[in-house]
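Structure data follow from target06.cif (mmCIF, C-alpha atoms):
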data_structure
#
loop_
_atom_site.label_atom_id
_atom_site.label_comp_id
_atom_site.auth_asym_id
_atom_site.auth_seq_id
_atom_site.Cartn_x
_atom_site.Cartn_y
_atom_site.Cartn_z
CA MET S 12 131.68 192.40 331.73
CA LYS S 13 134.47 189.84 331.61
CA ILE S 14 135.17 188.28 328.23
CA SER S 15 137.60 185.43 327.77
CA VAL S 16 139.07 184.98 324.29
CA CYS S 17 139.85 181.31 323.71
CA GLY S 18 140.82 179.05 320.84
CA LYS S 19 143.48 176.98 319.20
CA GLY S 20 147.07 178.15 319.23
CA GLY S 21 147.71 180.40 316.28
CA SER S 22 144.02 181.13 315.66
CA GLY S 23 144.62 184.83 316.28
CA LYS S 24 143.40 185.28 319.86
CA SER S 25 145.88 188.01 320.73
CA VAL S 26 145.11 190.02 317.60
CA ILE S 27 141.39 189.69 318.27
CA VAL S 28 141.94 190.78 321.88
CA ALA S 29 143.77 193.89 320.67
CA LEU S 30 141.12 194.75 318.08
CA LEU S 31 138.27 194.10 320.53
CA ALA S 32 139.91 196.21 323.22
CA ASN S 33 140.34 199.12 320.82
CA GLN S 34 136.73 198.94 319.67
CA VAL S 35 135.26 198.51 323.14
CA ARG S 36 137.35 201.48 324.25
CA ALA S 37 136.06 203.47 321.29
CA ARG S 38 132.52 202.95 322.68
CA GLY S 39 133.47 204.79 325.84
CA TYR S 40 134.37 201.85 328.05
CA ARG S 41 137.53 201.58 330.10
CA VAL S 42 139.11 198.28 329.15
CA LEU S 43 141.38 196.06 331.20
CA VAL S 44 143.23 193.53 329.06
CA VAL S 45 144.43 190.52 331.03
CA ASP S 46 147.30 188.71 329.33
CA SER S 47 146.86 185.17 330.58
CA ASP S 48 148.81 183.44 327.83
CA GLU S 49 151.94 182.24 329.60
CA SER S 50 153.68 181.38 326.32
CA ASN S 51 153.38 184.40 324.04
CA SER S 52 155.11 187.45 325.36
CA GLY S 53 154.29 190.16 322.84
CA LEU S 54 150.72 191.28 323.59
CA TYR S 55 151.95 194.59 325.00
CA ARG S 56 153.37 195.46 321.58
CA MET S 57 149.92 195.21 320.03
CA PHE S 58 148.91 198.14 322.22
CA GLY S 59 151.98 200.17 321.39
CA PHE S 60 153.73 199.71 324.74
CA ASP S 61 157.49 199.26 324.63
CA GLN S 62 157.63 197.10 327.77
CA PRO S 63 155.21 194.62 329.33
CA PRO S 64 153.87 195.35 332.81
CA THR S 65 155.54 193.52 335.69
CA PRO S 66 153.75 190.16 335.95
CA LEU S 67 151.04 189.81 338.57
CA LEU S 68 152.84 186.66 339.63
CA GLU S 69 155.47 188.93 341.16
CA LEU S 70 152.78 190.00 343.64
CA VAL S 71 153.19 186.58 345.21
CA GLY S 72 156.94 186.64 344.87
CA GLY S 73 157.33 185.34 341.32
CA LYS S 74 157.21 181.72 340.35
CA GLY S 75 160.91 181.07 340.74
CA GLN S 76 161.24 182.58 344.16
CA VAL S 77 157.73 182.15 345.41
CA GLN S 78 158.54 179.63 348.09
CA GLN S 79 161.70 181.29 349.33
CA LYS S 80 160.04 184.70 349.58
CA MET S 81 156.90 183.37 351.18
CA LEU S 82 158.74 181.17 353.59
CA ALA S 83 160.96 184.05 354.57
CA LYS S 84 157.90 186.19 355.10
CA PHE S 85 156.23 183.59 357.26
CA SER S 86 159.36 182.91 359.24
CA SER S 87 159.87 186.57 360.04
CA GLY S 88 156.21 187.20 360.71
CA GLU S 89 156.34 190.22 358.43
CA SER S 90 153.54 191.08 356.08
CA GLU S 91 154.20 191.54 352.39
CA PRO S 92 152.46 194.76 351.33
CA LYS S 93 152.44 193.86 347.65
CA MET S 94 150.43 190.71 348.38
CA GLN S 95 147.69 192.66 350.07
CA VAL S 96 145.94 193.49 346.80
CA LEU S 97 145.42 189.77 346.17
CA GLY S 98 144.21 189.33 349.74
CA GLN S 99 141.36 191.79 349.17
CA ASP S 100 137.87 190.39 348.64
CA ARG S 101 137.39 192.66 345.62
CA ILE S 102 140.04 194.11 343.36
CA GLN S 103 139.26 197.26 341.42
CA VAL S 104 141.39 198.31 338.48
CA SER S 105 142.60 201.29 340.51
CA ASP S 106 143.93 198.89 343.18
CA ILE S 107 146.46 197.34 340.82
CA PRO S 108 149.94 198.61 341.74
CA PRO S 109 151.30 200.92 339.00
CA GLN S 110 154.22 198.72 337.98
CA HIS S 111 151.80 195.86 337.31
CA ILE S 112 149.57 197.72 334.87
CA LYS S 113 150.35 199.58 331.66
CA ARG S 114 147.86 202.36 331.09
CA GLU S 115 146.96 204.53 328.17
CA ASP S 116 143.81 206.46 327.41
CA GLY S 117 141.15 204.18 328.86
CA LEU S 118 143.18 201.01 328.44
CA GLY S 119 144.93 198.98 331.10
CA LEU S 120 147.09 195.94 330.43
CA VAL S 121 148.09 193.39 333.04
CA ASN S 122 150.17 190.28 332.55
CA VAL S 123 149.71 187.26 334.79
CA GLY S 124 153.11 185.71 334.11
CA LYS S 125 155.19 183.92 331.52
CA ILE S 126 157.20 180.75 331.33
CA LEU S 127 160.66 182.17 330.71
CA HIS S 128 163.12 179.35 331.38
CA SER S 129 163.45 175.71 330.50
CA LEU S 130 162.81 173.32 333.39
CA GLU S 131 160.88 176.10 335.12
CA GLY S 132 157.98 173.79 335.82
CA CYS S 133 154.35 174.04 334.88
CA ALA S 134 152.06 177.02 334.41
CA CYS S 135 149.63 176.04 337.18
CA PRO S 136 150.54 179.05 339.37
CA MET S 137 149.59 181.35 336.50
CA GLY S 138 146.30 179.53 336.14
CA VAL S 139 145.52 179.83 339.84
CA LEU S 140 146.44 183.50 339.84
CA THR S 141 144.31 184.22 336.77
CA ARG S 142 141.36 182.43 338.41
CA GLU S 143 141.69 184.37 341.66
CA PHE S 144 142.34 187.70 339.98
CA LEU S 145 139.33 187.40 337.68
CA ALA S 146 137.10 186.17 340.49
CA LYS S 147 137.99 189.18 342.63
CA LEU S 148 138.11 191.73 339.82
CA SER S 149 135.27 194.15 340.37
CA LEU S 150 134.31 196.21 337.33
CA GLU S 151 132.24 199.36 337.08
CA LYS S 152 129.40 199.53 334.54
CA ASN S 153 131.60 201.35 332.06
CA GLU S 154 134.50 198.91 332.45
CA ALA S 155 135.19 195.69 330.58
CA ALA S 156 137.87 193.05 331.02
CA ILE S 157 139.12 191.11 328.03
CA VAL S 158 141.26 188.07 328.77
CA ASP S 159 143.79 186.73 326.28
CA MET S 160 143.63 183.12 327.37
CA GLU S 161 146.31 180.53 326.84
CA ALA S 162 145.76 178.30 323.81
CA GLY S 163 143.80 175.11 324.19
CA VAL S 164 141.64 174.04 327.09
CA GLU S 165 143.84 173.43 330.13
CA HIS S 166 142.65 176.67 331.71
CA PHE S 167 139.19 175.15 332.02
CA GLY S 168 140.70 172.38 334.15
CA ARG S 169 142.16 175.07 336.39
CA GLY S 170 138.78 176.73 336.92
CA VAL S 171 139.82 179.99 335.29
CA ALA S 172 136.47 180.38 333.52
CA THR S 173 134.32 180.33 336.64
CA SER S 174 133.93 184.11 336.86
CA ILE S 175 133.80 184.81 333.12
CA ASP S 176 130.63 186.30 331.61
CA GLU S 177 131.32 185.37 328.02
CA VAL S 178 133.72 182.98 326.32
CA LEU S 179 134.53 184.11 322.81
CA ILE S 180 136.04 181.36 320.69
CA VAL S 181 138.30 182.39 317.82
CA VAL S 182 138.04 179.91 314.95
CA GLU S 183 140.50 179.83 312.08
CA PRO S 184 139.95 177.80 308.92
CA SER S 185 141.07 174.38 310.09
CA PHE S 186 139.43 171.18 311.23
CA GLU S 187 141.34 171.22 314.51
CA SER S 188 140.16 174.73 315.27
CA LEU S 189 136.54 173.72 314.65
CA GLN S 190 136.89 170.64 316.83
CA LEU S 191 138.47 172.62 319.62
CA ALA S 192 135.68 175.21 319.40
CA ALA S 193 133.12 172.48 320.04
CA ARG S 194 135.15 171.23 322.99
CA ILE S 195 135.49 174.72 324.45
CA LYS S 196 131.73 175.20 324.18
CA GLU S 197 131.18 172.07 326.27
CA LEU S 198 133.80 172.96 328.84
CA ALA S 199 132.50 176.52 329.17
CA ALA S 200 128.99 175.19 329.79
CA ASP S 201 130.37 172.80 332.43
CA ALA S 202 132.15 175.73 334.07
CA GLY S 203 128.86 177.66 334.26
CA VAL S 204 129.85 180.38 331.80
CA LYS S 205 126.73 182.39 330.94
CA ARG S 206 127.42 182.84 327.23
CA THR S 207 129.68 181.25 324.66
CA SER S 208 130.01 182.48 321.12
CA ALA S 209 132.38 182.03 318.22
CA ILE S 210 133.92 184.22 315.59
CA LEU S 211 135.66 183.28 312.38
CA ASN S 212 139.14 184.68 311.84
CA LYS S 213 141.57 184.96 308.90
CA ILE S 214 138.78 184.42 306.40
CA ALA S 215 139.85 184.77 302.78
CA SER S 216 136.51 184.53 300.94
CA ASP S 217 132.75 184.52 301.37
CA GLU S 218 132.74 180.91 300.30
CA MET S 219 135.17 180.00 303.07
CA ALA S 220 133.05 181.90 305.61
CA LYS S 221 129.91 180.09 304.48
CA LYS S 222 131.55 176.69 304.75
CA LEU S 223 132.97 177.39 308.21
CA LYS S 224 129.66 178.75 309.49
CA GLU S 225 127.98 175.53 308.40
CA GLU S 226 130.64 173.52 310.18
CA LEU S 227 130.24 175.57 313.34
CA ARG S 228 126.46 175.19 313.28
CA LYS S 229 126.90 171.43 313.00
CA ARG S 230 128.82 171.73 316.26
CA GLY S 231 126.11 173.79 317.94
CA LEU S 232 127.86 177.16 317.62
CA GLU S 233 126.46 180.23 315.89
CA PRO S 234 129.21 182.63 314.84
CA ILE S 235 128.59 186.25 315.82
CA GLY S 236 131.05 187.65 313.32
CA THR S 237 133.62 187.07 310.64
CA VAL S 238 137.03 188.72 310.55
CA ARG S 239 138.55 188.81 307.11
CA TYR S 240 142.16 187.98 306.35
CA ASP S 241 143.86 191.36 306.50
CA PRO S 242 147.42 191.98 305.23
CA GLU S 243 147.73 194.76 307.81
CA ILE S 244 147.45 192.18 310.60
CA PHE S 245 150.14 190.06 308.96
CA GLN S 246 152.38 193.12 308.70
CA ALA S 247 151.70 194.32 312.26
CA THR S 248 152.38 190.92 313.82
CA LEU S 249 155.50 190.51 311.72
CA GLU S 250 156.81 193.89 312.86
CA GLY S 251 155.63 193.48 316.47
CA ARG S 252 153.52 196.65 316.52
CA ALA S 253 149.93 197.72 317.08
CA PRO S 254 147.64 196.89 314.14
CA ARG S 255 146.30 199.87 312.23
CA ASP S 256 142.74 200.23 311.04
CA GLY S 257 141.91 197.89 308.20
CA ALA S 258 139.48 195.19 307.18
CA ALA S 259 139.97 193.18 310.37
CA ALA S 260 139.46 196.19 312.65
CA GLU S 261 136.33 197.06 310.67
CA ASP S 262 134.95 193.53 311.03
CA VAL S 263 135.49 193.54 314.78
CA LYS S 264 133.08 196.49 315.17
CA GLU S 265 130.14 194.23 314.41
CA ILE S 266 131.39 191.65 316.92
CA VAL S 267 131.69 194.34 319.60
CA ASP S 268 128.11 195.45 318.84
CA SER S 269 126.97 191.89 319.46
CA LEU S 270 129.01 191.45 322.64
CA LEU S 271 127.92 194.75 324.18
CA SER S 272 124.27 194.26 323.29
CA LYS S 273 124.26 191.16 325.52
CA SER S 274 126.07 192.71 328.46
CA MET P 241 146.70 171.00 338.07
CA CYS P 242 149.72 170.50 340.27
CA ILE P 243 148.93 172.95 343.06
CA ALA P 244 147.33 171.03 345.88
CA THR P 245 144.32 171.12 348.14
CA VAL P 246 144.78 169.98 351.73
CA TYR P 247 142.02 168.04 353.41
CA LEU P 248 141.47 166.72 356.91
CA THR P 249 139.68 163.40 357.16
CA ALA P 250 136.32 163.72 358.83
CA GLY P 251 134.74 160.32 359.42
CA ASP P 252 134.12 157.54 356.94
CA ASP P 253 135.16 158.54 353.43
CA ASN P 254 134.54 162.20 354.21
CA LYS P 255 137.11 164.92 354.17
CA GLU P 256 137.01 168.57 355.01
CA GLU P 257 138.78 171.05 352.74
CA ILE P 258 141.28 172.96 354.83
CA MET P 259 143.10 175.02 352.21
CA ARG P 260 143.37 175.17 348.43
CA ASP P 261 146.10 176.54 346.16
CA VAL P 262 148.63 175.03 348.56
CA ILE P 263 152.27 175.34 347.57
CA TRP P 264 154.03 174.15 350.72
CA VAL P 265 153.41 171.48 353.32
CA GLU P 266 156.02 171.18 356.02
CA ALA P 267 156.21 168.60 358.79
CA ALA P 268 156.99 170.63 361.89
CA ASP P 269 157.63 169.09 365.31
CA ASP P 270 154.06 168.10 366.12
CA HIS P 271 152.02 169.50 363.26
CA PHE P 272 151.94 170.30 359.56
CA ARG P 273 152.52 173.86 358.42
CA ILE P 274 150.58 174.64 355.26
CA LEU P 275 150.98 177.69 353.03
CA ASN P 276 149.04 178.73 349.96
CA MET P 277 149.95 180.97 347.03
CA PHE P 278 148.22 183.96 348.51
CA GLY P 279 149.99 184.09 351.83
CA GLU P 280 147.59 182.15 354.01
CA GLU P 281 149.14 179.88 356.60
CA LYS P 282 147.51 177.12 358.64
CA HIS P 283 148.75 174.55 361.10
CA LEU P 284 147.23 171.10 361.34
CA GLN P 285 147.84 168.32 363.80
CA GLY P 286 147.59 164.76 362.58
CA LYS P 287 149.37 162.26 360.41
CA LEU P 288 149.77 162.24 356.67
CA LYS P 289 147.28 159.83 355.15
CA SER P 290 147.76 160.24 351.40
CA ILE P 291 149.01 162.48 348.62
CA ASP P 292 147.26 162.24 345.27
CA PHE P 293 149.62 163.57 342.62
CA TRP P 294 147.56 162.23 339.76
CA GLN P 295 143.93 163.28 339.82
CA GLU P 296 142.78 165.47 342.69
CA HIS P 297 146.17 166.82 343.73
CA ALA P 298 145.05 166.33 347.28
CA VAL P 299 147.00 166.05 350.49
CA VAL P 300 144.94 164.25 353.11
CA ILE P 301 145.80 164.52 356.78
CA GLU P 302 144.19 162.37 359.42
CA PRO P 303 143.68 163.87 362.86
CA HIS P 304 145.26 162.11 365.79
CA PRO P 305 142.77 159.98 367.70
CA LYS P 306 141.35 161.83 370.67
CA THR P 307 142.85 160.68 373.91
CA GLN P 308 140.48 159.87 376.77
#

Please render this file's structure as structure tokens.
Amino acid sequence: MKISVCGKGGSGKSVIVALLANQVRARGYRVLVVDSDESNSGLYRMFGFDQPPTPLLELVGGKGQVQQKMLAKFSSGESEPKMQVLGQDRIQVSDIPPQHIKREDGLGLVNVGKILHSLEGCACPMGVLTREFLAKLSLEKNEAAIVDMEAGVEHFGRGVATSIDEVLIVVEPSFESLQLAARIKELAADAGVKRTSAILNKIASDEMAKKLKEELRKRGLEPIGTVRYDPEIFQATLEGRAPRDGAAAEDVKEIVDSLLSKS
Amino acid sequence: MCIATVYLTAGDDNKEEIMRDVIWVEAADDHFRILNMFGEEKHLQGKLKSIDFWQEHAVVIEPHPKTQ
């Protein structure tokens, strides 16, 4: 099962990815988290790692040097062993070279690549790589992949969603977030995604949840869960560490029940 | 998306996709050398017909007419 977590910037996608991954793992699955947000660099901290894995983009030489390395390779006629994993028809989690995956107790974390420098150019290579990696990623029955997608909708234009089983839209209490959720639903349907669902995040009261659910239903989306505002999440993200169990982690259990029941 | 797809024209208004995710097109002596992000390389003979930077991000190459 491949789940893509989408939504407006700042809606809490990365936190939800971390909480989902922990809960899915707690149900006995092995979870591969794919960090496909080329802007935010701190997802690894939410899993307690002290360093991110080497970006998958390095498998094709890295964005900055991609042409020079590839051209050199072609000129010399030599093969590039690291690229072979991407040349495979199917990629299993065990195929991912060790430096490109952080592992701990049923969890794997890969990172497609980040924009690190000004004037570096666009993020299209990351989008292409995410699309190819997810399309080739072959999961066992007891494995799940959870993708922390870049904010917004550009990834749909790059075809990243074509091999995703479920798009999970994270909605925070704002008009823009609701509008974007409706747009994502349309784009996911156009991309042929089998299922799209929404969850509410950072919810401060029952009244707020009720109002947002009504707004989502008006936009043709039925939320499968509500994650309460949780001071522990604020504290964890402020300190750059893994979130501890709290109200948000508790709320995500119900969402995981819903996601796994459909898989 | 800025990464290109290379096509070869194939009759009226038709074009055949030759390679996608292309990051390099090089005019060699008598052909174009085309590389994609994943290490594939192809060589095409023909002349450059168009490059669409705006919508399709397509490089279209027209084959040389067949000589009798």

Practice prompt. Rank P:His271, P:His297, P:His283, P:His304 by their smallest atom-to-atom distance to P:Ile258, using all atoms listed in the file, and report the top residue only.
Written response: P:His283

Fill in: Explicit residues for the PyMOL selection byres ((chain S) within 7 of (chain P)) (as number ranges by chain)
S: 71, 81, 97-98, 135, 169

Worksheet item: Taking all atoms listed in the file into account, which of P:Asn254, P:Ile274, P:Pro303, P:Ala268 comes nearest P:Lys289?
Response: P:Pro303

Item to complete: Please write as a PyMOL selection string the full residue list that the PyMOL selection byres ((chain S and resi 192-197) around 10) yields on this file.
Response: chain S and resi 17-19+163-164+167+178-183+186-191+198-202+204+206-210+227-232

Discussion item. With only C-alpha atoms as the counted atoms, please give the residues lying no more than 12 Å from stretch 244-250 of chain S, apart from itself and same-chain residues fewer than 4 positions off, as number ranges by chain.
Written reply: S: 21, 23, 25-27, 29-30, 53-59, 212-213, 238-240, 254-260

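Once the PyMOL selection byres ((chain S and resi 66) around 10) is applied to the depicted file, the selected set reads Asp46, Pro63, Pro64, Thr65, Leu67, Leu68, Glu69, Leu70, Val71, Gly73, Gln110, His111, Ile112, Val121, Asn122, Val123, Gly124, Lys125 and Met137 of chain S.
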
Discussion item. Please list as a list in words every residue within 7 Å of stretch 140-146 of chain S, counting all atoms listed in the file and excluding residues in the same chain fewer than 3 positions away.
Written reply: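 Contacts, in chain order: Ser47, Val123, Pro136, Met137, Gly170, Val171 and Ser174 of chain S.
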
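As for atom CA of P:Asp270 and atom CA of P:Asp292, they are spaced 22.7 Å apart.
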
Discussion item. When you look at P:Ile301 with a cut-off of 12 Å (counting all atoms listed in the file), what residues show up, excluding the ones that are within fewer than 5 positions of it in the same chain? I need them as a list in words.
Written reply: Thr245, Val246, Tyr247, Leu248, Thr249, Ala250, Asn254, Lys255, Glu256, Glu257, Ile258, Met259, Val265, Ala267, His271, Phe272, Arg273, Ile274, His283, Leu284, Gln285, Gly286, Lys287, Leu288, Lys289, Ser290, Ile291 and Asp292 of chain P

Just write the chosen residues, C-alpha atoms, as a PDB file, in the frame of the given file.
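Writing the result to out_7.pdb gives the following:
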ATOM      1  CA  THR P 245     144.320 171.120 348.140  1.00  0.00           C
ATOM      2  CA  VAL P 246     144.780 169.980 351.730  1.00  0.00           C
ATOM      3  CA  TYR P 247     142.020 168.040 353.410  1.00  0.00           C
ATOM      4  CA  LEU P 248     141.470 166.720 356.910  1.00  0.00           C
ATOM      5  CA  THR P 249     139.680 163.400 357.160  1.00  0.00           C
ATOM      6  CA  ALA P 250     136.320 163.720 358.830  1.00  0.00           C
ATOM      7  CA  ASN P 254     134.540 162.200 354.210  1.00  0.00           C
ATOM      8  CA  LYS P 255     137.110 164.920 354.170  1.00  0.00           C
ATOM      9  CA  GLU P 256     137.010 168.570 355.010  1.00  0.00           C
ATOM     10  CA  GLU P 257     138.780 171.050 352.740  1.00  0.00           C
ATOM     11  CA  ILE P 258     141.280 172.960 354.830  1.00  0.00           C
ATOM     12  CA  MET P 259     143.100 175.020 352.210  1.00  0.00           C
ATOM     13  CA  VAL P 265     153.410 171.480 353.320  1.00  0.00           C
ATOM     14  CA  ALA P 267     156.210 168.600 358.790  1.00  0.00           C
ATOM     15  CA  HIS P 271     152.020 169.500 363.260  1.00  0.00           C
ATOM     16  CA  PHE P 272     151.940 170.300 359.560  1.00  0.00           C
ATOM     17  CA  ARG P 273     152.520 173.860 358.420  1.00  0.00           C
ATOM     18  CA  ILE P 274     150.580 174.640 355.260  1.00  0.00           C
ATOM     19  CA  HIS P 283     148.750 174.550 361.100  1.00  0.00           C
ATOM     20  CA  LEU P 284     147.230 171.100 361.340  1.00  0.00           C
ATOM     21  CA  GLN P 285     147.840 168.320 363.800  1.00  0.00           C
ATOM     22  CA  GLY P 286     147.590 164.760 362.580  1.00  0.00           C
ATOM     23  CA  LYS P 287     149.370 162.260 360.410  1.00  0.00           C
ATOM     24  CA  LEU P 288     149.770 162.240 356.670  1.00  0.00           C
ATOM     25  CA  LYS P 289     147.280 159.830 355.150  1.00  0.00           C
ATOM     26  CA  SER P 290     147.760 160.240 351.400  1.00  0.00           C
ATOM     27  CA  ILE P 291     149.010 162.480 348.620  1.00  0.00           C
ATOM     28  CA  ASP P 292     147.260 162.240 345.270  1.00  0.00           C
TER      29      ASP P 292
END

Worksheet item: Using all atoms listed in the file, which of the listed residues (S:Ala253, S:Leu211, S:Leu43, S:Leu127) sits closest to S:Leu148?
Response: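 Ranked by minimum distance to S:Leu148, first place goes to S:Leu43.
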
Fill in: S:Arg36 surroundings by all atoms listed in the file, 9 Å radius, close-in-sequence under 4 positions cut, as a list in words
Leu31, Ala32, Tyr40, Arg41, Val42, Asp116, Gly117, Leu118 and Ala155 of chain S

Item to complete: Figure out the distance between atom CA of S:Lys205 and atom CA of S:Asn33, please, to one decimal in Å.
Response: 23.8 Å

Fill in: Contact residues around S:Val267 with only C-alpha atoms at 7 Å, ignoring same-chain residues under 2 positions, as number ranges by chain
S: 31, 34-35, 263-265, 269-271

Item to complete: Grab the atom CA of S:Gly72 to atom CA of S:Gly20 distance for me, in Å with one decimal place.
Response: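 According to the coordinates, atom CA of S:Gly72 and atom CA of S:Gly20 are separated by 28.8 Å.
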
Complete stretch 241-260 of chain P at the level of N, CA and C atoms, written as a PDB file, in the coordinates of the input.
ATOM      1  N   MET P 241     146.026 169.868 337.452  1.00  0.00           N
ATOM      2  CA  MET P 241     146.700 171.000 338.070  1.00  0.00           C
ATOM      3  C   MET P 241     147.568 170.524 339.214  1.00  0.00           C
ATOM      4  N   CYS P 242     148.756 171.056 339.318  1.00  0.00           N
ATOM      5  CA  CYS P 242     149.720 170.500 340.270  1.00  0.00           C
ATOM      6  C   CYS P 242     149.644 171.160 341.643  1.00  0.00           C
ATOM      7  N   ILE P 243     149.043 172.315 341.747  1.00  0.00           N
ATOM      8  CA  ILE P 243     148.930 172.950 343.060  1.00  0.00           C
ATOM      9  C   ILE P 243     147.857 172.208 343.848  1.00  0.00           C
ATOM     10  N   ALA P 244     148.112 172.003 345.131  1.00  0.00           N
ATOM     11  CA  ALA P 244     147.330 171.030 345.880  1.00  0.00           C
ATOM     12  C   ALA P 244     146.222 171.646 346.735  1.00  0.00           C
ATOM     13  N   THR P 245     145.317 170.789 347.119  1.00  0.00           N
ATOM     14  CA  THR P 245     144.320 171.120 348.140  1.00  0.00           C
ATOM     15  C   THR P 245     144.596 170.207 349.337  1.00  0.00           C
ATOM     16  N   VAL P 246     144.548 170.774 350.523  1.00  0.00           N
ATOM     17  CA  VAL P 246     144.780 169.980 351.730  1.00  0.00           C
ATOM     18  C   VAL P 246     143.441 169.708 352.410  1.00  0.00           C
ATOM     19  N   TYR P 247     143.246 168.465 352.741  1.00  0.00           N
ATOM     20  CA  TYR P 247     142.020 168.040 353.410  1.00  0.00           C
ATOM     21  C   TYR P 247     142.365 167.400 354.758  1.00  0.00           C
ATOM     22  N   LEU P 248     141.392 167.437 355.645  1.00  0.00           N
ATOM     23  CA  LEU P 248     141.470 166.720 356.910  1.00  0.00           C
ATOM     24  C   LEU P 248     140.378 165.658 356.874  1.00  0.00           C
ATOM     25  N   THR P 249     140.723 164.430 357.169  1.00  0.00           N
ATOM     26  CA  THR P 249     139.680 163.400 357.160  1.00  0.00           C
ATOM     27  C   THR P 249     138.647 163.714 358.239  1.00  0.00           C
ATOM     28  N   ALA P 250     137.408 163.424 357.891  1.00  0.00           N
ATOM     29  CA  ALA P 250     136.320 163.720 358.830  1.00  0.00           C
ATOM     30  C   ALA P 250     135.318 162.568 358.767  1.00  0.00           C
ATOM     31  N   GLY P 251     135.656 161.460 359.407  1.00  0.00           N
ATOM     32  CA  GLY P 251     134.740 160.320 359.420  1.00  0.00           C
ATOM     33  C   GLY P 251     134.908 159.480 358.172  1.00  0.00           C
ATOM     34  N   ASP P 252     134.006 158.518 358.021  1.00  0.00           N
ATOM     35  CA  ASP P 252     134.120 157.540 356.940  1.00  0.00           C
ATOM     36  C   ASP P 252     134.056 158.221 355.576  1.00  0.00           C
ATOM     37  N   ASP P 253     135.098 158.076 354.819  1.00  0.00           N
ATOM     38  CA  ASP P 253     135.160 158.540 353.430  1.00  0.00           C
ATOM     39  C   ASP P 253     134.895 160.034 353.252  1.00  0.00           C
ATOM     40  N   ASN P 254     134.763 160.763 354.321  1.00  0.00           N
ATOM     41  CA  ASN P 254     134.540 162.200 354.210  1.00  0.00           C
ATOM     42  C   ASN P 254     135.824 162.945 354.498  1.00  0.00           C
ATOM     43  N   LYS P 255     135.957 164.086 353.831  1.00  0.00           N
ATOM     44  CA  LYS P 255     137.110 164.920 354.170  1.00  0.00           C
ATOM     45  C   LYS P 255     136.717 166.382 354.058  1.00  0.00           C
ATOM     46  N   GLU P 256     137.311 167.144 354.933  1.00  0.00           N
ATOM     47  CA  GLU P 256     137.010 168.570 355.010  1.00  0.00           C
ATOM     48  C   GLU P 256     138.136 169.353 354.320  1.00  0.00           C
ATOM     49  N   GLU P 257     137.744 170.248 353.396  1.00  0.00           N
ATOM     50  CA  GLU P 257     138.780 171.050 352.740  1.00  0.00           C
ATOM     51  C   GLU P 257     139.337 172.063 353.725  1.00  0.00           C
ATOM     52  N   ILE P 258     140.625 172.046 353.894  1.00  0.00           N
ATOM     53  CA  ILE P 258     141.280 172.960 354.830  1.00  0.00           C
ATOM     54  C   ILE P 258     141.853 174.169 354.085  1.00  0.00           C
ATOM     55  N   MET P 259     142.497 173.909 352.966  1.00  0.00           N
ATOM     56  CA  MET P 259     143.100 175.020 352.210  1.00  0.00           C
ATOM     57  C   MET P 259     143.325 174.581 350.768  1.00  0.00           C
ATOM     58  N   ARG P 260     143.044 175.493 349.824  1.00  0.00           N
ATOM     59  CA  ARG P 260     143.370 175.170 348.430  1.00  0.00           C
ATOM     60  C   ARG P 260     144.484 176.092 347.941  1.00  0.00           C
TER      61      ARG P 260
END
